[in-house]
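Text of my_file-v2.cif, listed as mmCIF, C-alpha atoms:
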```cif
data_data
loop_
_atom_site.label_atom_id
_atom_site.label_comp_id
_atom_site.auth_asym_id
_atom_site.auth_seq_id
_atom_site.Cartn_x
_atom_site.Cartn_y
_atom_site.Cartn_z
CA MET A 1 112.61 181.81 24.40
CA GLN A 2 116.13 180.50 23.94
CA VAL A 3 118.40 181.71 21.13
CA TYR A 4 121.71 180.36 19.84
CA VAL A 5 124.04 182.68 17.88
CA PHE A 6 126.75 181.22 15.64
CA ASP A 7 129.31 182.41 13.07
CA ASN A 8 127.33 181.26 10.02
CA THR A 9 129.74 178.45 9.11
CA LEU A 10 128.86 174.78 8.75
CA ASP A 11 131.29 173.88 11.52
CA GLY A 12 129.59 176.53 13.64
CA LEU A 13 126.17 175.04 12.98
CA LEU A 14 127.41 171.54 13.83
CA THR A 15 128.95 172.93 17.02
CA ALA A 16 125.56 174.45 17.86
CA VAL A 17 124.04 170.97 17.55
CA PHE A 18 126.72 169.61 19.92
CA ASP A 19 126.03 172.38 22.46
CA SER A 20 122.30 171.75 22.23
CA PHE A 21 122.72 168.14 23.33
CA PHE A 22 125.51 168.79 25.81
CA LEU A 23 123.51 171.54 27.55
CA ARG A 24 120.26 169.60 27.11
CA GLN A 25 118.59 172.50 25.40
CA GLN A 26 116.48 172.91 22.28
CA PRO A 27 116.75 176.55 21.18
CA GLU A 28 113.77 178.05 19.39
CA TYR A 29 116.06 180.17 17.22
CA LEU A 30 119.47 179.68 15.62
CA LEU A 31 120.73 183.03 14.37
CA ALA A 32 123.86 184.04 12.49
CA GLU A 33 126.04 186.76 13.97
CA GLY A 34 124.63 190.17 13.11
CA GLU A 35 121.01 189.02 12.90
CA GLN A 36 118.60 190.78 15.23
CA LEU A 37 117.51 188.90 18.32
CA PRO A 38 113.79 188.21 18.73
CA LEU A 39 111.95 190.78 20.83
CA PHE A 40 111.13 188.41 23.68
CA ALA A 41 114.35 186.38 23.78
CA ASP A 42 114.98 185.21 27.36
CA GLU A 43 118.43 183.78 26.88
CA SER A 44 121.15 183.99 24.26
CA HIS A 45 123.92 181.41 23.93
CA ARG A 46 126.91 182.32 21.76
CA VAL A 47 128.23 179.26 20.00
CA VAL A 48 132.04 179.11 19.86
CA THR A 49 132.94 177.11 16.76
CA ASP A 50 134.97 174.04 17.66
CA SER A 51 136.23 171.80 14.85
CA GLU A 52 136.49 168.77 17.16
CA LYS A 53 132.87 169.12 18.29
CA ALA A 54 131.78 169.61 14.68
CA GLU A 55 133.66 166.48 13.60
CA ARG A 56 132.01 164.42 16.36
CA VAL A 57 128.58 165.56 15.20
CA TRP A 58 129.43 164.78 11.57
CA LYS A 59 130.67 161.30 12.44
CA GLY A 60 127.40 160.75 14.27
CA LEU A 61 125.50 161.82 11.16
CA GLU A 62 127.51 159.37 9.07
CA LYS A 63 126.18 156.57 11.28
CA GLN A 64 122.57 157.77 11.13
CA LEU A 65 122.15 159.00 7.56
CA SER A 66 122.62 157.56 4.09
CA LYS A 67 125.09 159.08 1.64
CA ASP A 68 122.15 160.91 0.08
CA GLY A 69 121.29 162.43 3.44
CA LEU A 70 124.83 163.63 4.05
CA HIS A 71 124.96 164.93 0.49
CA MET A 72 121.73 166.83 1.10
CA ILE A 73 123.29 168.65 4.07
CA THR A 74 126.53 169.66 2.36
CA ILE A 75 124.88 170.68 -0.91
CA SER A 76 122.11 172.71 0.74
CA TRP A 77 124.72 174.58 2.78
CA LEU A 78 126.26 175.90 -0.44
CA SER A 79 123.04 177.85 -1.00
CA GLU A 80 124.32 180.45 1.51
CA GLU A 81 120.69 181.18 2.37
CA ARG A 82 120.24 182.48 5.92
CA SER A 83 116.73 181.01 5.93
CA LEU A 84 118.28 177.52 5.78
CA ASN A 85 120.04 177.77 9.16
CA GLN A 86 117.04 177.01 11.36
CA PRO A 87 115.54 174.09 9.39
CA LEU A 88 118.98 172.54 8.85
CA PHE A 89 119.74 172.80 12.57
CA ASN A 90 116.33 171.32 13.40
CA PHE A 91 116.80 168.50 10.89
CA ILE A 92 120.19 167.48 12.28
CA CYS A 93 118.86 167.56 15.85
CA LYS A 94 115.94 165.36 14.79
CA VAL A 95 118.33 162.84 13.26
CA PHE A 96 119.85 162.24 16.71
CA ARG A 97 116.70 162.63 18.79
CA MET A 98 114.30 160.60 16.70
CA LYS A 99 116.77 158.04 15.30
CA VAL A 100 114.36 157.34 12.45
CA ARG A 101 115.80 155.47 9.49
CA ASP A 102 115.90 157.51 6.25
CA LEU A 103 114.61 160.64 7.98
CA GLU A 104 116.00 162.65 5.04
CA ARG A 105 113.28 161.13 2.84
CA ASN A 106 110.40 162.26 5.05
CA ALA A 107 108.96 165.06 2.90
CA SER A 108 106.07 165.47 5.35
CA ASP A 109 108.50 167.01 7.85
CA GLU A 110 108.74 170.75 7.14
CA ASP A 111 112.40 170.99 8.14
CA VAL A 112 113.39 168.03 5.98
CA LEU A 113 111.38 169.46 3.09
CA GLU A 114 113.07 172.85 3.35
CA VAL A 115 116.54 171.31 3.35
CA ARG A 116 115.64 169.05 0.40
CA ASN A 117 114.20 171.92 -1.63
CA THR A 118 117.25 174.07 -0.93
CA CYS A 119 119.50 171.23 -2.05
CA ARG A 120 117.53 170.96 -5.29
CA ARG A 121 117.90 174.68 -6.01
CA VAL A 122 121.66 174.44 -5.59
CA LEU A 123 121.92 171.37 -7.83
CA HIS A 124 119.75 173.06 -10.45
CA GLU A 125 122.04 176.06 -10.56
CA GLN A 126 125.20 173.98 -10.77
CA LEU A 127 123.67 172.35 -13.86
CA ARG A 128 123.00 175.77 -15.36
CA MET A 129 126.57 176.84 -14.67
CA LYS A 130 127.82 173.89 -16.71
CA GLN A 131 125.57 175.02 -19.55
CA PHE A 132 126.07 178.79 -19.45
CA ILE A 133 129.76 179.38 -18.69
CA ARG A 134 131.39 181.02 -21.70
CA PHE A 135 135.18 180.95 -22.02
CA GLN A 136 137.48 183.54 -23.60
CA LYS A 137 141.01 182.76 -24.64
CA ALA A 138 143.92 184.95 -23.57
CA LYS A 139 147.05 185.48 -25.65
CA ASP A 140 148.98 183.15 -23.32
CA GLY A 141 146.51 180.32 -24.05
CA THR A 142 144.57 180.48 -20.78
CA TYR A 143 140.79 180.27 -21.00
CA LEU A 144 138.71 182.47 -18.69
CA GLY A 145 135.10 182.06 -17.58
CA VAL A 146 133.49 184.54 -15.17
CA VAL A 147 130.26 183.83 -13.27
CA SER A 148 128.25 185.20 -10.34
CA PRO A 149 125.75 182.46 -9.39
CA ASP A 150 123.11 182.88 -6.70
CA HIS A 151 124.56 179.90 -4.85
CA ASN A 152 128.15 178.92 -4.17
CA VAL A 153 128.29 176.19 -6.81
CA LEU A 154 131.88 176.45 -8.08
CA PRO A 155 133.07 173.53 -5.90
CA LEU A 156 130.38 171.36 -7.55
CA ILE A 157 131.32 172.05 -11.17
CA ILE A 158 135.12 172.07 -11.17
CA ASP A 159 135.47 168.30 -11.65
CA HIS A 160 133.21 168.58 -14.70
CA PHE A 161 135.49 171.12 -16.39
CA GLN A 162 138.69 169.42 -15.32
CA ASP A 163 137.44 166.22 -16.92
CA ARG A 164 136.35 167.83 -20.19
CA PHE A 165 139.05 170.48 -20.61
CA ASN A 166 142.06 168.67 -19.20
CA ASP A 167 144.36 169.57 -22.09
CA GLN A 168 144.28 173.35 -21.62
CA PRO A 169 144.76 175.86 -18.79
CA TRP A 170 141.67 177.70 -17.57
CA LEU A 171 140.34 179.90 -14.81
CA ILE A 172 136.72 179.96 -13.64
CA TYR A 173 136.13 182.95 -11.39
CA ASP A 174 133.16 183.79 -9.16
CA ALA A 175 132.87 187.58 -9.26
CA LYS A 176 130.25 187.59 -6.53
CA ARG A 177 132.33 185.65 -3.99
CA HIS A 178 135.73 186.88 -5.16
CA TYR A 179 137.46 183.55 -5.68
CA GLY A 180 137.96 181.02 -8.43
CA TYR A 181 139.69 177.84 -9.56
CA TYR A 182 142.70 177.72 -11.85
CA TYR A 183 143.73 174.61 -13.79
CA ASP A 184 147.28 174.54 -15.13
CA GLY A 185 146.94 171.30 -17.08
CA LYS A 186 147.87 169.13 -14.11
CA ALA A 187 146.02 170.24 -10.99
CA VAL A 188 143.27 172.59 -9.88
CA ILE A 189 144.02 175.24 -7.27
CA ARG A 190 141.73 177.74 -5.53
CA VAL A 191 142.74 181.33 -6.24
CA THR A 192 141.89 184.82 -5.02
CA PHE A 193 143.16 188.24 -6.08
CA GLU A 194 144.52 190.68 -3.51
CA ASP A 195 143.67 193.57 -5.82
CA GLU A 196 140.73 192.89 -8.14
CA THR A 197 141.19 196.25 -9.86
CA SER A 198 144.30 194.83 -11.54
CA VAL A 199 142.75 191.66 -12.96
CA PRO A 200 142.78 191.39 -16.79
CA PHE A 201 139.00 191.23 -17.07
CA ASP A 202 135.92 193.25 -16.19
CA LEU A 203 134.12 191.80 -13.15
CA SER A 204 130.83 193.44 -14.13
CA ASN A 205 130.47 191.52 -17.42
CA GLY A 206 133.34 189.03 -17.45
CA LYS A 207 134.90 190.43 -20.61
CA MET A 208 138.64 190.04 -20.95
CA HIS A 209 140.56 193.24 -21.60
CA GLU A 210 141.42 193.82 -25.24
CA GLU A 211 145.19 193.87 -24.63
CA VAL A 212 145.19 190.29 -23.28
CA LEU A 213 142.43 188.78 -25.41
CA SER A 214 143.57 186.43 -28.17
CA GLU A 215 143.03 187.73 -31.70
CA ASN A 216 141.51 184.41 -32.73
CA ASP A 217 139.06 184.57 -29.85
CA LYS A 218 137.70 187.89 -31.08
CA ILE A 219 136.91 186.19 -34.39
CA PHE A 220 135.34 183.18 -32.70
CA GLN A 221 133.14 185.42 -30.56
CA ASP A 222 131.84 187.20 -33.65
CA LEU A 223 131.25 183.85 -35.38
CA TRP A 224 129.33 182.55 -32.36
CA ARG A 225 127.09 185.64 -32.27
CA THR A 226 126.43 185.29 -36.00
CA TYR A 227 125.59 181.60 -35.63
CA PHE A 228 123.30 182.29 -32.67
CA LYS A 229 121.35 184.86 -34.68
CA ALA A 230 121.27 182.68 -37.81
CA ILE A 231 119.67 179.68 -36.09
CA CYS A 232 116.99 181.83 -34.47
CA ILE A 233 113.62 181.26 -36.17
CA LYS A 234 111.50 184.37 -35.58
CA GLU A 235 108.24 182.49 -35.98
CA ARG A 236 109.20 180.16 -33.16
CA MET A 237 110.51 182.78 -30.74
CA ASN A 238 109.16 182.32 -27.22
CA PRO A 239 110.66 184.93 -24.83
CA LYS A 240 108.99 183.44 -21.75
CA LYS A 241 110.38 180.01 -22.50
CA GLN A 242 113.83 181.46 -23.16
CA LEU A 243 113.82 183.30 -19.83
CA SER A 244 112.76 180.12 -18.09
CA ASP A 245 115.58 178.10 -19.66
CA MET A 246 118.15 180.90 -19.63
CA PRO A 247 117.41 183.43 -16.83
CA ARG A 248 118.38 187.01 -17.54
CA ARG A 249 120.84 187.14 -14.62
CA TYR A 250 123.23 184.93 -16.64
CA TRP A 251 123.13 187.01 -19.80
CA LYS A 252 125.82 189.54 -18.92
CA TYR A 253 128.47 186.81 -19.05
CA MET A 254 127.20 185.10 -22.22
CA THR A 255 128.88 185.96 -25.51
CA GLU A 256 125.74 185.48 -27.62
CA LYS A 257 123.74 187.93 -25.47
CA ASN A 258 126.25 190.78 -25.66
#
```

Output the structure of this file as structure tokens.
Amino acid sequence: MQVYVFDNTLDGLLTAVFDSFFLRQQPEYLLAEGEQLPLFADESHRVVTDSEKAERVWKGLEKQLSKDGLHMITISWLSEERSLNQPLFNFICKVFRMKVRDLERNASDEDVLEVRNTCRRVLHEQLRMKQFIRFQKAKDGTYLGVVSPDHNVLPLIIDHFQDRFNDQPWLIYDAKRHYGYYYDGKAVIRVTFEDETSVPFDLSNGKMHEEVLSENDKIFQDLWRTYFKAICIKERMNPKKQLSDMPRRYWKYMTEKN
């Protein structure tokens, strides 16, 4: 039983594919560093991530796959699910070994199906992020939205907000992954905080501290809560449907639910 161990990066996974072909091996397991080796593993190969090898594999994929297929790989990777590593590795290897046109559309292949379904989950959450992000306005005019999605979807939604809110500065911050994107009215930059204890908002619920929150925003928040309650028709309340459309894990950052 042959096992490959990599650093759990996309470049690392692509390097593992390169090594597999170069060494003429087909490992039964691709594990991320720190994962326990199978009990009866005969051989373990540690993959050393190499950007040049990864680029060669990616260029090969560009020749073999459609844009949708390449999109499926990059989007599914943003899921950050460890369970994706093996089927994604298998899928990419099959692309080169089988050389079947439109392999990414073969839903009868279990590896292809797993990658496709993972991609769909990520895209579904990025849609929800566009719907559920709630902004607060600081005294300096900057708008803040805090999120903690299951998947790493911030890179997928930034263009949406830059297009629709291009006349005002804003920061969308992922409290789970400790980074965000700041738009100053001209360009978007990726930001992190060296000391998150000093940020002007509470990471647990996304609320901006009172001393930096705009006075007008306090009024608007109260108005929004009042409106949300006013349009609720008790006779038509359907908690199960609401949870399906608006999962509870998003509530802590939503003004109308606090």

>> Evaluated on this file, the PyMOL selection byres ((chain A and resi 147) around 8) picks out some residues - which ones are they, written as a PyMOL selection string?
In response: chain A and resi 133+145-146+148-149+172-176+206+250+253

>> Can you tell me which residues surround range 6-12 of chain A at a distance of at most 9 Å, considering all atoms listed in the file, apart from same-chain residues fewer than 4 positions away, and format the answer as a list in words?
In response: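 That gives Ala16, Val17, Leu30, Leu31, Ala32, Glu33, His45, Arg46, Val47, Val48, Thr49, Asp50, Ser51, Lys53, Ala54, Glu55, Thr74, Trp77, Arg82 and Asn85 of chain A.
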
> Selected by the PyMOL selection byres ((chain A and resi 209) around 12) in the shown coordinates: which residues, as number ranges by chain?
Replying inline: A: 136-139, 144, 198-203, 205-208, 210-215, 218

> Mind pulling up the distance from CA of Ile75 in chain A to CA of Val191 in chain A?
Replying inline: 21.5 Å

>> Would you compute the distance between CA of Arg105 in chain A and CA of Trp58 in chain A? Give it in Å to one decimal.
In response: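 Between CA of Arg105 in chain A and CA of Trp58 in chain A the gap is 18.7 Å.
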
>> With distances taken over only C-alpha atoms, which residue among A:Trp170, A:Gln26, A:Met254, A:Leu13 lies nearest Lys94 in chain A?
In response: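 Once distances to Lys94 in chain A are computed over only C-alpha atoms, the minimum belongs to A:Gln26.
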
>> Using the chain letters and numbers from this file, what does the PyMOL selection byres ((chain A and resi 69) around 12) select? Give the answer as a VMD selection string.
In response: chain A and resid 58 61 to 68 70 to 76 88 91 to 92 95 101 to 106 112 115 to 116 119

>> I want to know what sits within 8 Å of Asp150 in chain A, based on only C-alpha atoms, with residues of the same chain fewer than 2 positions away left out; could you give that as a VMD selection string?
In response: chain A and resid 79 125 148 152

>> Please report the interatomic distance between CA of Ala230 in chain A and CA of Tyr143 in chain A in Å with one decimal.
In response: 25.9 Å

> Do you know which residues are at most 6 Å from Tyr183 in chain A counting all atoms listed in the file, after dropping those on the same chain fewer than 4 positions away, and could you put them as a PyMOL selection string?
Replying inline: chain A and resi 169-170+187-188

> Leaving out Arg248 in chain A and any residue of its chain fewer than 3 positions from it, which residues lie within 12 Å of it when counting only C-alpha atoms, given as an MDAnalysis selection string?
Replying inline: chainID A and resid 132 149 239:245 251:254 257:258

> Taking into account only C-alpha atoms, which residue in the set A:Asp159, A:Arg164, A:Glu110, A:Ala41 is nearest to Gln86 in chain A?
Replying inline: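 Of the candidates, the smallest distance to Gln86 in chain A is held by A:Glu110.
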